[in-house]
Every structure is written in structure tokens, then in C-alpha cells.
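> Sharing query-v1.csv here; it has CSV, C-alpha atoms and all ligand atoms.
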chain,number,residue,atom,x,y,z
A,249,MET,CA,4.2,16.1,7.8
A,250,GLU,CA,4.6,18.4,4.8
A,251,THR,CA,7.8,19.7,6.4
A,252,LEU,CA,9.0,16.3,7.5
A,253,VAL,CA,8.9,14.8,4.0
A,254,VAL,CA,10.8,17.7,2.5
A,255,HIS,CA,13.5,17.9,5.2
A,256,GLY,CA,13.4,14.4,6.8
A,257,GLY,CA,15.9,12.7,4.3
A,258,ALA,CA,19.6,13.3,3.8
A,259,GLY,CA,19.6,17.1,3.9
A,260,VAL,CA,22.2,19.2,2.1
A,261,ASP,CA,25.2,17.1,1.0
A,262,PRO,CA,28.1,18.2,3.3
A,263,GLN,CA,30.8,17.6,0.6
A,264,THR,CA,29.3,19.4,-2.4
A,265,GLY,CA,26.5,21.5,-1.0
A,266,ALA,CA,24.0,19.7,-3.3
A,267,VAL,CA,20.5,20.5,-2.0
A,268,VAL,CA,19.2,17.3,-3.5
A,269,GLU,CA,20.8,14.1,-2.2
A,270,PRO,CA,23.3,12.5,-4.6
A,271,ILE,CA,22.8,9.0,-5.9
A,272,ILE,CA,25.6,6.7,-4.6
A,273,MET,CA,25.7,3.7,-7.0
A,274,SER,CA,28.9,2.2,-5.6
A,275,THR,CA,28.4,-1.4,-4.6
A,276,THR,CA,31.5,-1.5,-2.4
A,277,PHE,CA,32.8,0.8,0.3
A,278,GLU,CA,36.4,1.5,1.6
A,279,ARG,CA,37.4,0.0,5.0
A,280,ASP,CA,39.1,2.1,7.7
A,281,PRO,CA,42.9,1.5,8.2
A,282,ASP,CA,42.0,-0.7,11.2
A,283,GLY,CA,39.6,-2.8,9.1
A,284,GLY,CA,36.4,-1.2,10.4
A,285,HIS,CA,33.6,0.4,8.5
A,286,SER,CA,33.1,3.6,10.5
A,287,ARG,CA,31.2,5.3,7.7
A,288,GLY,CA,28.5,2.7,8.0
A,289,TYR,CA,28.6,0.8,4.7
A,290,PHE,CA,30.7,-2.1,3.2
A,291,TYR,CA,28.7,-3.7,0.4
A,292,SER,CA,25.5,-2.2,-1.1
A,293,LYS,CA,23.5,-5.4,-0.8
A,294,ALA,CA,23.7,-4.8,3.0
A,295,GLY,CA,22.7,-1.1,2.6
A,296,ASN,CA,23.6,2.0,0.8
A,297,PRO,CA,23.3,5.7,1.7
A,298,ASN,CA,20.2,6.3,-0.5
A,299,GLN,CA,18.5,3.3,1.0
A,300,SER,CA,19.3,4.6,4.5
A,301,SER,CA,17.8,8.0,3.9
A,302,LEU,CA,14.6,6.4,2.4
A,303,GLU,CA,14.3,4.1,5.4
A,304,ARG,CA,14.7,7.0,7.9
A,305,THR,CA,12.1,9.1,6.2
A,306,VAL,CA,9.4,6.4,6.0
A,307,ALA,CA,10.1,5.2,9.5
A,308,THR,CA,9.6,8.8,10.8
A,309,LEU,CA,6.4,9.3,8.8
A,310,GLU,CA,5.1,6.0,10.2
A,311,ARG,CA,6.2,6.9,13.8
A,312,GLY,CA,8.3,3.8,13.8
A,313,ALA,CA,11.7,3.1,15.4
A,314,GLY,CA,13.3,2.2,12.1
A,315,GLY,CA,12.7,0.6,8.7
A,316,VAL,CA,14.1,-1.6,6.0
A,317,ALA,CA,13.6,-0.9,2.3
A,318,TYR,CA,13.1,-3.7,-0.1
A,319,ALA,CA,13.3,-4.3,-3.9
A,320,SER,CA,9.4,-4.5,-4.0
A,321,GLY,CA,6.4,-4.4,-1.8
A,322,SER,CA,6.1,-8.1,-2.0
A,323,ALA,CA,9.6,-8.5,-0.6
A,324,ALA,CA,8.6,-6.4,2.3
A,325,VAL,CA,5.4,-8.5,2.8
A,326,LEU,CA,7.5,-11.6,2.7
A,327,ALA,CA,9.8,-10.3,5.3
A,328,ALA,CA,6.9,-9.3,7.6
A,329,LEU,CA,5.1,-12.6,7.2
A,330,SER,CA,8.2,-14.7,7.8
A,331,ILE,CA,8.3,-13.2,11.3
A,332,ALA,CA,5.7,-15.8,12.2
A,333,GLY,CA,8.5,-18.4,12.0
A,334,GLN,CA,8.3,-22.1,11.4
A,335,GLY,CA,5.2,-23.7,12.9
A,336,GLY,CA,3.6,-20.2,13.2
A,337,HIS,CA,0.1,-19.3,12.1
A,338,VAL,CA,-0.8,-16.0,10.5
A,339,LEU,CA,-4.4,-14.6,10.5
A,340,VAL,CA,-5.1,-12.5,7.4
A,341,PRO,CA,-8.2,-10.7,6.2
A,342,ASP,CA,-10.5,-12.7,3.9
A,343,ASP,CA,-10.1,-9.9,1.3
A,344,VAL,CA,-6.4,-9.4,1.8
A,345,PHE,CA,-4.2,-8.3,-1.2
A,346,GLN,CA,-4.0,-11.3,-3.5
A,347,GLY,CA,-0.2,-11.2,-3.7
A,348,THR,CA,-0.1,-11.7,0.1
A,349,ILE,CA,-2.3,-14.8,-0.2
A,350,ARG,CA,-0.1,-16.1,-3.0
A,351,LEU,CA,3.0,-15.6,-0.8
A,352,LEU,CA,1.4,-17.5,2.0
A,353,ARG,CA,0.1,-20.3,-0.2
A,354,LEU,CA,3.0,-20.8,-2.6
A,355,SER,CA,6.1,-19.7,-0.7
A,356,LEU,CA,5.7,-19.5,3.1
A,357,SER,CA,3.8,-22.8,3.3
A,358,ARG,CA,7.0,-24.5,2.2
A,359,TRP,CA,8.7,-23.1,5.3
A,360,GLY,CA,6.0,-24.4,7.7
A,361,ILE,CA,4.1,-21.1,8.1
A,362,ARG,CA,0.3,-21.7,8.1
A,363,PHE,CA,-2.5,-19.2,7.6
A,364,SER,CA,-6.2,-18.7,7.7
A,365,THR,CA,-8.5,-15.9,6.7
A,366,VAL,CA,-11.2,-14.1,8.6
A,367,ASP,CA,-13.4,-11.0,8.2
A,368,MET,CA,-10.9,-8.6,9.9
A,369,THR,CA,-13.7,-6.0,10.5
A,370,ASP,CA,-15.6,-8.4,12.8
A,371,SER,CA,-13.8,-8.5,16.2
A,372,ALA,CA,-15.7,-11.5,17.5
A,373,ALA,CA,-14.8,-13.5,14.4
A,374,VAL,CA,-11.2,-12.4,14.8
A,375,ARG,CA,-11.0,-13.7,18.4
A,376,THR,CA,-12.6,-17.0,17.4
A,377,ALA,CA,-10.2,-17.4,14.5
A,378,LEU,CA,-7.1,-17.1,16.6
A,379,GLU,CA,-5.2,-20.4,17.1
A,380,PRO,CA,-2.7,-21.4,19.8
A,381,ASP,CA,0.1,-20.8,17.3
A,382,THR,CA,-1.1,-17.5,15.9
A,383,ARG,CA,1.9,-15.3,16.0
A,384,LEU,CA,0.9,-12.6,13.5
A,385,VAL,CA,-2.4,-10.9,12.8
A,386,TRP,CA,-2.4,-9.0,9.5
A,387,ALA,CA,-4.6,-6.1,8.7
A,388,GLU,CA,-5.1,-3.5,5.9
A,389,GLY,CA,-6.7,-0.2,6.8
A,390,LEU,CA,-8.6,-0.2,3.5
A,391,SER,CA,-9.2,-3.4,1.6
A,392,ASN,CA,-8.9,-4.0,-2.1
A,393,PRO,CA,-11.1,-3.5,-4.1
A,394,LEU,CA,-14.2,-3.0,-1.8
A,395,LEU,CA,-12.6,-0.5,0.5
A,396,LYS,CA,-13.6,-2.2,3.7
A,397,VAL,CA,-12.4,-0.3,6.8
A,398,THR,CA,-10.5,-2.1,9.5
A,399,ASP,CA,-10.2,-0.7,13.0
A,400,ILE,CA,-6.5,-1.2,13.5
A,401,ALA,CA,-6.5,-0.3,17.2
A,402,GLN,CA,-9.1,-3.1,17.8
A,403,VAL,CA,-7.1,-5.7,15.8
A,404,ALA,CA,-3.8,-4.8,17.5
A,405,GLU,CA,-5.4,-5.1,20.9
A,406,ILE,CA,-6.9,-8.5,20.1
A,407,ALA,CA,-3.5,-9.7,18.7
A,408,HIS,CA,-1.6,-8.5,21.8
A,409,GLU,CA,-4.1,-10.1,24.3
A,410,HIS,CA,-3.3,-13.3,22.5
A,411,GLY,CA,0.5,-12.7,22.6
A,412,ALA,CA,0.6,-12.2,18.8
A,413,LEU,CA,2.1,-9.4,16.8
A,414,CYS,CA,0.1,-7.1,14.5
A,415,ALA,CA,1.3,-6.1,11.0
A,416,VAL,CA,-0.5,-3.5,8.9
A,417,ASP,CA,-0.2,-3.2,5.1
A,418,ASN,CA,-0.7,0.6,4.9
A,419,THR,CA,-0.2,0.8,1.1
A,420,PHE,CA,-3.8,2.0,0.4
A,421,VAL,CA,-4.2,4.5,3.2
A,422,THR,CA,-0.6,5.9,3.5
A,423,PRO,CA,0.7,7.6,6.7
A,424,VAL,CA,-0.8,10.9,5.5
A,425,PHE,CA,-4.3,9.6,6.5
A,426,GLN,CA,-3.5,6.9,9.2
A,427,GLN,CA,-0.4,5.9,11.2
A,428,PRO,CA,-1.0,2.3,12.3
A,429,VAL,CA,1.9,2.4,14.9
A,430,ARG,CA,0.0,5.0,16.8
A,431,ALA,CA,-3.0,2.6,16.9
A,432,GLY,CA,-0.8,-0.1,18.3
A,433,ALA,CA,0.6,-2.0,15.3
A,434,ASP,CA,4.0,-3.6,15.6
A,435,PHE,CA,4.9,-3.5,11.9
A,436,VAL,CA,3.8,-1.3,9.0
A,437,LEU,CA,4.6,-2.1,5.5
A,438,HIS,CA,4.2,-0.5,2.1
A,439,SER,CA,4.4,-1.3,-1.5
A,440,ALA,CA,6.2,2.0,-2.1
A,441,THR,CA,5.6,1.2,-5.8
A,442,LYS,CA,2.2,2.9,-5.3
A,443,TYR,CA,1.6,6.1,-3.4
A,444,LEU,CA,5.0,6.5,-1.6
A,445,ALA,CA,7.0,6.7,-4.8
A,446,GLY,CA,3.9,7.9,-6.5
A,447,HIS,CA,4.8,8.1,-10.2
A,448,ALA,CA,4.4,4.5,-11.4
A,449,ASP,CA,8.1,4.3,-12.3
A,450,VAL,CA,9.7,2.4,-9.5
A,451,LEU,CA,9.2,-0.9,-7.7
A,452,ALA,CA,10.0,-0.7,-4.0
A,453,GLY,CA,8.8,-1.8,-0.5
A,454,VAL,CA,9.4,-0.6,3.0
A,455,LEU,CA,8.9,-2.4,6.3
A,456,VAL,CA,8.7,-0.2,9.4
A,457,VAL,CA,9.0,-1.6,13.0
A,458,ALA,CA,7.5,0.1,16.0
A,459,GLU,CA,10.3,-1.1,18.2
A,460,THR,CA,13.9,-1.8,17.4
A,461,SER,CA,14.0,-5.4,18.7
A,462,LEU,CA,13.6,-7.2,15.4
A,463,LEU,CA,15.3,-4.5,13.3
A,464,ASP,CA,18.8,-6.1,13.3
A,465,GLN,CA,17.4,-9.5,12.4
A,466,LEU,CA,15.4,-8.0,9.5
A,467,ARG,CA,18.4,-6.1,8.2
A,468,THR,CA,20.6,-9.2,8.4
A,469,LEU,CA,18.0,-11.4,6.6
A,470,GLN,CA,17.7,-8.8,3.8
A,471,TRP,CA,21.4,-8.7,3.3
A,472,ILE,CA,21.8,-12.4,3.1
A,473,GLU,CA,18.7,-12.9,1.0
A,474,GLY,CA,19.5,-10.0,-1.3
A,475,ALA,CA,16.0,-8.3,-1.8
A,476,THR,CA,17.8,-5.0,-1.7
A,477,PRO,CA,16.4,-2.0,-3.7
A,478,SER,CA,18.8,-0.2,-6.1
A,479,PRO,CA,20.2,3.1,-4.9
A,480,PHE,CA,18.4,4.8,-7.9
A,481,ASP,CA,15.1,3.3,-7.0
A,482,CYS,CA,15.6,4.4,-3.4
A,483,TRP,CA,16.4,7.9,-4.7
A,484,LEU,CA,13.3,8.0,-6.9
A,485,THR,CA,11.1,6.8,-4.0
A,486,ALA,CA,12.7,9.4,-1.6
A,487,ARG,CA,12.0,12.1,-4.3
A,488,GLY,CA,8.4,11.0,-4.6
A,489,LEU,CA,7.9,11.1,-0.8
A,490,LYS,CA,8.6,14.9,-0.8
A,491,THR,CA,5.2,15.4,-2.4
A,492,LEU,CA,3.3,12.6,-0.7
A,493,PRO,CA,1.1,14.8,1.5
A,494,VAL,CA,0.3,17.2,-1.3
A,495,ARG,CA,-0.5,14.3,-3.7
A,496,MET,CA,-2.6,12.4,-1.2
A,497,HIS,CA,-4.8,15.3,-0.5
A,498,ALA,CA,-5.3,15.9,-4.2
A,499,HIS,CA,-6.0,12.2,-4.9
A,500,ALA,CA,-8.6,12.2,-2.1
A,501,ASP,CA,-10.2,15.4,-3.2
A,502,HIS,CA,-10.5,14.2,-6.7
A,503,ALA,CA,-11.8,10.8,-5.7
A,504,ALA,CA,-14.5,12.4,-3.5
A,505,GLU,CA,-15.7,14.4,-6.5
A,506,VAL,CA,-15.6,11.4,-8.8
A,507,ALA,CA,-17.5,9.3,-6.2
A,508,ALA,CA,-20.2,11.9,-5.8
A,509,PHE,CA,-20.6,12.1,-9.6
A,510,LEU,CA,-20.8,8.3,-10.0
A,511,GLU,CA,-23.3,8.0,-7.2
A,512,GLN,CA,-25.9,10.0,-9.1
A,513,HIS,CA,-25.2,8.5,-12.5
A,514,PRO,CA,-28.1,6.3,-13.9
A,515,ALA,CA,-25.6,3.7,-15.2
A,516,ILE,CA,-24.2,3.0,-11.7
A,517,ASP,CA,-25.4,0.3,-9.3
A,518,TRP,CA,-23.3,1.2,-6.3
A,519,VAL,CA,-20.2,3.1,-5.4
A,520,ARG,CA,-17.8,2.3,-2.6
A,521,TYR,CA,-15.7,5.2,-1.3
A,522,PRO,CA,-15.1,5.5,2.4
A,523,GLY,CA,-15.6,9.2,2.3
A,524,ARG,CA,-19.2,8.9,1.1
A,525,PRO,CA,-22.1,8.5,3.6
A,526,SER,CA,-23.3,5.6,1.5
A,527,HIS,CA,-20.2,3.5,2.5
A,528,PRO,CA,-21.4,1.0,5.2
A,529,GLN,CA,-18.4,2.0,7.5
A,530,HIS,CA,-18.3,5.7,6.7
A,531,GLU,CA,-18.6,6.6,10.5
A,532,LEU,CA,-15.7,4.3,11.4
A,533,ALA,CA,-13.6,5.7,8.5
A,534,LYS,CA,-14.1,9.2,9.8
A,535,GLU,CA,-13.0,8.1,13.2
A,536,VAL,CA,-9.9,6.2,12.3
A,537,MET,CA,-8.5,8.1,9.2
A,538,SER,CA,-8.0,11.7,8.5
A,539,GLY,CA,-8.7,11.3,4.7
A,540,PHE,CA,-10.2,8.6,2.5
A,541,GLY,CA,-7.6,7.9,-0.1
A,542,GLY,CA,-7.7,8.0,-3.9
A,543,ILE,CA,-9.3,4.6,-4.7
A,544,LEU,CA,-12.9,3.7,-5.3
A,545,SER,CA,-14.9,0.9,-6.7
A,546,PHE,CA,-18.3,0.7,-8.4
A,547,THR,CA,-20.5,-1.6,-10.3
A,548,ILE,CA,-22.4,-0.7,-13.5
A,549,ARG,CA,-25.8,-1.8,-14.5
A,550,GLY,CA,-24.7,-4.7,-16.7
A,551,GLY,CA,-22.3,-7.6,-16.8
A,552,ALA,CA,-18.6,-8.2,-17.3
A,553,ASP,CA,-18.9,-7.5,-21.0
A,554,ILE,CA,-20.2,-3.9,-20.6
A,555,ALA,CA,-17.8,-3.3,-17.6
A,556,THR,CA,-14.9,-4.3,-19.9
A,557,ARG,CA,-16.2,-1.9,-22.6
A,558,VAL,CA,-16.4,1.0,-20.1
A,559,ALA,CA,-12.8,0.4,-19.1
A,560,ALA,CA,-11.7,0.3,-22.7
A,561,ARG,CA,-13.5,3.6,-23.5
A,562,THR,CA,-12.0,6.0,-21.0
A,563,ARG,CA,-9.4,8.4,-22.2
A,564,TYR,CA,-7.7,9.8,-19.2
A,565,PHE,CA,-8.4,6.7,-17.0
A,566,VAL,CA,-5.8,4.3,-18.4
A,567,ASN,CA,-7.0,0.7,-18.6
A,568,ALA,CA,-4.2,-0.7,-16.5
A,569,THR,CA,-3.6,-2.4,-13.1
A,570,SER,CA,-1.9,-0.8,-10.0
A,571,PHE,CA,-2.7,2.5,-8.4
A,572,GLY,CA,-1.1,5.6,-6.9
A,573,ALA,CA,0.1,7.2,-10.1
A,574,PRO,CA,-0.5,10.8,-11.3
A,575,GLU,CA,-2.3,9.2,-14.2
A,576,SER,CA,-5.8,7.9,-13.3
A,577,LEU,CA,-6.2,4.2,-13.8
A,578,ILE,CA,-9.3,2.0,-14.4
A,579,GLN,CA,-9.4,-1.7,-13.9
A,580,HIS,CA,-12.0,-4.4,-14.5
A,581,VAL,CA,-11.3,-6.3,-11.4
A,582,ALA,CA,-12.6,-9.8,-12.3
A,583,SER,CA,-10.5,-10.1,-15.4
A,584,ALA,CA,-7.3,-8.6,-14.0
A,585,PRO,CA,-4.3,-10.9,-13.8
A,586,THR,CA,-3.7,-9.8,-10.2
A,587,HIS,CA,-7.2,-10.8,-9.1
A,588,GLY,CA,-7.7,-14.0,-7.2
A,589,SER,CA,-10.7,-16.3,-7.0
A,590,GLY,CA,-12.7,-13.9,-4.8
A,591,HIS,CA,-16.5,-13.8,-4.6
A,592,LEU,CA,-16.9,-10.5,-6.3
A,593,PRO,CA,-19.5,-9.6,-8.9
A,594,ASP,CA,-18.0,-9.6,-12.4
A,595,ASN,CA,-19.0,-6.0,-13.1
A,596,VAL,CA,-16.8,-4.3,-10.5
A,597,LEU,CA,-14.6,-1.5,-11.8
A,598,ARG,CA,-11.8,0.0,-9.6
A,599,LEU,CA,-10.5,3.5,-10.1
A,600,SER,CA,-7.2,4.9,-9.0
A,601,VAL,CA,-8.1,8.6,-9.2
A,602,GLY,CA,-5.1,10.6,-10.3
A,603,LEU,CA,-4.0,14.1,-10.3
A,604,GLU,CA,-5.7,15.4,-13.4
A,605,HIS,CA,-8.4,18.0,-13.0
A,606,PRO,CA,-11.5,16.3,-11.6
A,607,ASP,CA,-13.8,18.0,-14.1
A,608,ASP,CA,-11.9,16.2,-16.9
A,609,LEU,CA,-12.0,12.9,-15.1
A,610,ILE,CA,-15.8,13.2,-14.6
A,611,ALA,CA,-16.3,14.2,-18.2
A,612,ASP,CA,-14.2,11.2,-19.3
A,613,LEU,CA,-16.2,8.7,-17.1
A,614,ASP,CA,-19.5,10.3,-18.3
A,615,GLN,CA,-18.7,9.6,-22.0
A,616,ALA,CA,-17.4,6.1,-21.2
A,617,LEU,CA,-20.6,5.3,-19.3
A,618,ASP,CA,-22.7,6.0,-22.4
A,619,VAL,CA,-22.1,2.4,-23.4
A,620,VAL,CA,-24.2,1.4,-20.4
A,621,THR,CA,-27.0,3.8,-20.9
A,622,GLN,CA,-26.8,3.0,-24.6
A,623,ARG,CA,-26.3,6.6,-25.5
A,624,ALA,CA,-23.2,5.2,-27.4
A,701,LIG,C1,1.0,-3.7,-4.8
A,701,LIG,C2,0.7,-4.1,-3.4
A,701,LIG,C3,1.7,-5.0,-2.8
A,701,LIG,C4,2.9,-5.6,-3.5
A,701,LIG,O1,3.8,-4.6,-3.9
A,701,LIG,P1,4.8,-4.7,-5.2
A,701,LIG,O2,5.6,-3.5,-5.1
A,701,LIG,O3,3.9,-4.8,-6.4
A,701,LIG,O4,5.6,-6.0,-4.9
A,701,LIG,C5,1.4,-5.3,-1.4
A,701,LIG,N1,0.3,-4.9,-0.8
A,701,LIG,C6,-0.6,-4.1,-1.4
A,701,LIG,C7,-1.8,-3.6,-0.6
A,701,LIG,C8,-0.4,-3.7,-2.7
A,701,LIG,O5,-1.4,-2.9,-3.3
Output the file's structure as C-alpha cells, nothing else.

Amino acid sequence: METLVVHGGAGVDPQTGAVVEPIIMSTTFERDPDGGHSRGYFYSKAGNPNQSSLERTVATLERGAGGVAYASGSAAVLAALSIAGQGGHVLVPDDVFQGTIRLLRLSLSRWGIRFSTVDMTDSAAVRTALEPDTRLVWAEGLSNPLLKVTDIAQVAEIAHEHGALCAVDNTFVTPVFQQPVRAGADFVLHSATKYLAGHADVLAGVLVVAETSLLDQLRTLQWIEGATPSPFDCWLTARGLKTLPVRMHAHADHAAEVAAFLEQHPAIDWVRYPGRPSHPQHELAKEVMSGFGGILSFTIRGGADIATRVAARTRYFVNATSFGAPESLIQHVASAPTHGSGHLPDNVLRLSVGLEHPDDLIADLDQALDVVTQRA
């Protein structure tokens, strides 16, 4: 994978010898004398060279047959959900990413797509929740913010027995630690805004298909709907991808150290990190993923007020939403604008553990937690 991300894109530019792919900003492309477009492009809304090389790399990483890049992760989620079609029903996890719920509730409902939620980690409940019109079963390898682990192979099998398709939002786990297509998923999608681009400076999404049958339709819809990423954003994402495996291993190593520190801290109630034996699904996590990611959640001894003060006191952990950046981030979940009306305790803090030295991150949390133990 380390080799693939470095060499899987455009390669050396044949015209100039540039080792790094050039950015092609042109929106329009010359036709052949006979009126054709033998060079593959005609108008950048329908694709451009930087988009193509990004799509190729992500599809290869995810073991898919092809991919379509979008202007945001949400646009990729929308494209995947709309596969259910009018009158179709989508089954999603009860703790699915809130943006996905909002798309189903506010946008797709207007096009006649229905949905319901289920505990996606409970196979009996998933079977019961299937409806005659269920066309898509949605899963996330790790959930937000409690890091529940879903057995993708099991969900894909249940979906297929029912004649439905299985889509996996792999934003949290990334192909470095799990490749859902190998577990039987039909679609894998990413908010590339997070780990794939990896530097908190670009919005992008990618949808990968296991087989080519729906690829042309997805490309056509993207062209006519216009949710196309800019060539520069594709270039930034492709650049970020070159270090994805290196970054993910560092994120995971640092998160493991931070989780171990928090677990023994007197200010902490509980810590959820799939790499810790204290995680209720640690054994499953070890079975289905080769690493445990860079995100963890914990509760402090105290209420929302103290949790908010902890988040305001950290120095390296920036008090901000999102994840997957080199900079560590801390978020008080219950008060975040992205948070839905979940049934979470109001003292949950989520960390996106970044690439700083873990000793500095631990020292930073240690001083911030003084407000809980009243040393500060
Ligand atoms: C952020 C996120 C999205 C949406 O991506 P955007 O790039 O913000 O539109 C979708 N799924 C998950 C799991 C996410 O974390």
C-alpha cells in the first residue's frame, strides 16, 4: 500500500517530465478533427485529469473497479444513498454520521427514498429491520463518536441474502486498516476531507464501486448534477494520499498512547478506543481491522460544563470539529453544531489524535484535566 499510494496516480508527466502531476485547471478541452474526444475530456464538470488520477488511486486502494470523486463527502454520500431509487428503503446504523441522517431526512425523503435505523452491530436486529423495499444497507466500520465496531462481512451477507446492496462509509477507518470491498461491500465512500486528504485544507469525497455496472450512471449523474471537485482540490487530495499509510499508522500509535494514558487518569470515567482491551468489541476489532484509527472518545467525571472547560483548556488539541488533520482536535460532542439529537451523555469528549509527539499530547491533556480534579 505504501508503494501504491506513491506510484498509483498519474506518474511522471510525459510532456514535461514533471515528477509531480501538473494541475490542469482548464474547464474545456479541444475536440478531435472528426469531432470526437479521444483524449478523454470535453468539459471539466464531467471530469478532468486531476480528478481521474485521484479516482484511480482511491479505487485501487479500496480494491474497487472504479470510483467517482465529488466536491465533498456529503455529495458522495448523497450519490450512494440515491442508488436506493424512488420507493426504495435504506437501512442505516442508529448511530450513523449525522450528516447522513440529515440527507435522508431533509433531501432524499423528497425523492421518495425512505429509511430506518437499527443497531448495525446486532445481526438479528438487522435481519428483522429489513423491509421488502430495502435496497441499500449502510454501514460504518467504526461509528461516531462511540467507536462501535461493525462486522462489514456479516452486514454485506445479510444485505445480499435480501437482494439489497451494501454501502460502507469508510471515512473513520480508511483502506489502510480495512477494505470493505474485500468483505463483500458493493460501495465504499469517503469524506476525503478527513484522512484521505489529511491536512484539513480541502473538501472532497470519493465513491468507489466494487463492480463497474453502476459506474457510468454515477458519472453521468455527477456531470449533470455538477457536484464536481475542483482540479486543485483533487490535486491536494492526491498529494495527501501519498502519505496516507504513514500518517494512519502514526495517528493510530499516538491514539493508543493517549487512550492508555486517559484510562488510568483519575478524572476519567471511561475511554472508548477499539485498540484497548476495555473496548466492548476489542476482539472483533482485532479480527476485522489491521489498526484502530486515530479517534477516541471519553467521559470525564463531571457534567457538560466541566467537559466544555477541558476542551477550552487544551493547547495542542484545538477545540474544533472534524478529524483527520495533523493537528490534534478536541470536541465536546453534545454541544457541537454537527451533533444530532443522540442519546449521548453530555460529558463526552472526542479526540482526533494528530501527528504531534504523543508525550506532548499527553502532557497537554494532563494539564487540561486539572480542571476536573480541581488541581486548577
Ligand atoms: C465528515 C463526514 C462525512 C461528510 O463529509 P464532508 O466532506 O464534510 O461533506 C461523511 N461521513 C463521515 C463518516 C464523515 O465523518
> Quick one: of A:Val519, A:Ile400, A:Ile472, A:Val620, who's nearest to A:Val558, counting all atoms listed in the file?
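Of A:Val519, A:Ile400, A:Ile472, A:Val620, the one nearest A:Val558, counting all atoms listed in the file, is A:Val620.
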> Within 6 Å of ligand LIG 701 (chain A), counting all atoms listed in the file: which residues, as a VMD selection string?
chain A and resid 320 to 322 345 417 419 439 441 451 to 453
> Would you mind telling me which residue in A:Met368, A:Leu466, A:Ala440, A:Cys414 lies nearest to A:Leu326 when using all atoms listed in the file?
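The answer is A:Leu466, which sits nearest to A:Leu326.
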> Choose the residue, out of A:Val421, A:Ala573, A:Ala552, A:Ala504, that has the smallest atom-to-atom separation from A:Val450; count all atoms listed in the file.
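Comparing A:Val421, A:Ala573, A:Ala552, A:Ala504 against A:Val450, the winner is A:Ala573.
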> Check which residues of stretch 400-431 of chain A sit at most 10 Å from stretch 306-312 of chain A using only C-alpha atoms, and return one row each with the closest pair of atoms and their distance in Å to one decimal, ordered by chain and rising number, as a tab-separated table.

residue	atom	partner	partner_atom	distance
A:Asn418	CA	A:Glu310	CA	9.5
A:Thr422	CA	A:Glu310	CA	8.8
A:Pro423	CA	A:Glu310	CA	5.8
A:Val424	CA	A:Leu309	CA	8.1
A:Gln426	CA	A:Glu310	CA	8.7
A:Gln427	CA	A:Glu310	CA	5.6
A:Pro428	CA	A:Glu310	CA	7.4
A:Val429	CA	A:Arg311	CA	6.3
A:Arg430	CA	A:Arg311	CA	7.1
> Pick out the residues sitting within 8 Å of A:Glu388, and hand them over as a JSON list (two decimals) with C-alpha atoms, keeping the file's coordinate frame; count all atoms listed in the file, and ignore anything fewer than 2 positions along from it in its own chain.

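Written file, selection_3.json:
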[["chain", "number", "residue", "atom", "x", "y", "z"],
["A", 341, "PRO", "CA", -8.20, -10.70, 6.20],
["A", 344, "VAL", "CA", -6.40, -9.40, 1.80],
["A", 386, "TRP", "CA", -2.40, -9.00, 9.50],
["A", 390, "LEU", "CA", -8.60, -0.20, 3.50],
["A", 391, "SER", "CA", -9.20, -3.40, 1.60],
["A", 398, "THR", "CA", -10.50, -2.10, 9.50],
["A", 416, "VAL", "CA", -0.50, -3.50, 8.90],
["A", 417, "ASP", "CA", -0.20, -3.20, 5.10],
["A", 418, "ASN", "CA", -0.70, 0.60, 4.90],
["A", 420, "PHE", "CA", -3.80, 2.00, 0.40]]
> Here is a test: counting only C-alpha atoms, which residue of A:Asp342, A:Glu303, A:Asp607, A:Glu250 is nearest to A:Asp501?
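Using only C-alpha atoms, A:Asp501 sits closest to A:Asp607.
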> Scan for residues within 12 Å of the point (-16.8, -7.3, 19.7) in the coordinates of the file, using all atoms listed in the file, and reply as an NGL selection string.
:A and (368-376 or 399 or 402-403 or 405-406)
> Sorted by chain and rising residue number, list the residues of stretch 298-364 of chain A at most 10 Å from stretch 473-479 of chain A (counting only C-alpha atoms), each with its closest atom pair and distance in Å to one decimal, as CSV.

residue,atom,partner,partner_atom,distance
A:Asn298,CA,A:Pro479,CA,5.4
A:Gln299,CA,A:Pro479,CA,6.1
A:Ser300,CA,A:Pro479,CA,9.6
A:Leu302,CA,A:Pro479,CA,9.8
A:Val316,CA,A:Thr476,CA,9.2
A:Ala317,CA,A:Pro477,CA,6.7
A:Tyr318,CA,A:Thr476,CA,5.1
A:Ala319,CA,A:Pro477,CA,3.9
A:Ser320,CA,A:Pro477,CA,7.4
A:Ser322,CA,A:Ala475,CA,9.9
A:Ala323,CA,A:Ala475,CA,6.5
A:Ala324,CA,A:Ala475,CA,8.7
A:Ala327,CA,A:Ala475,CA,9.6
> Calculated over all atoms listed in the file, which of the candidates A:Gly315, A:Glu531, A:Ser286, A:Ala412 has the smallest distance to A:Ala332?
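Closest to A:Ala332, using all atoms listed in the file: A:Ala412.
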> Would you list the contacts of A:Phe509 as a count of residues only, taking every protein, DNA or RNA residue within 8 Å and counting only C-alpha atoms, but skipping same-chain residues closer than 4 positions in sequence?
3
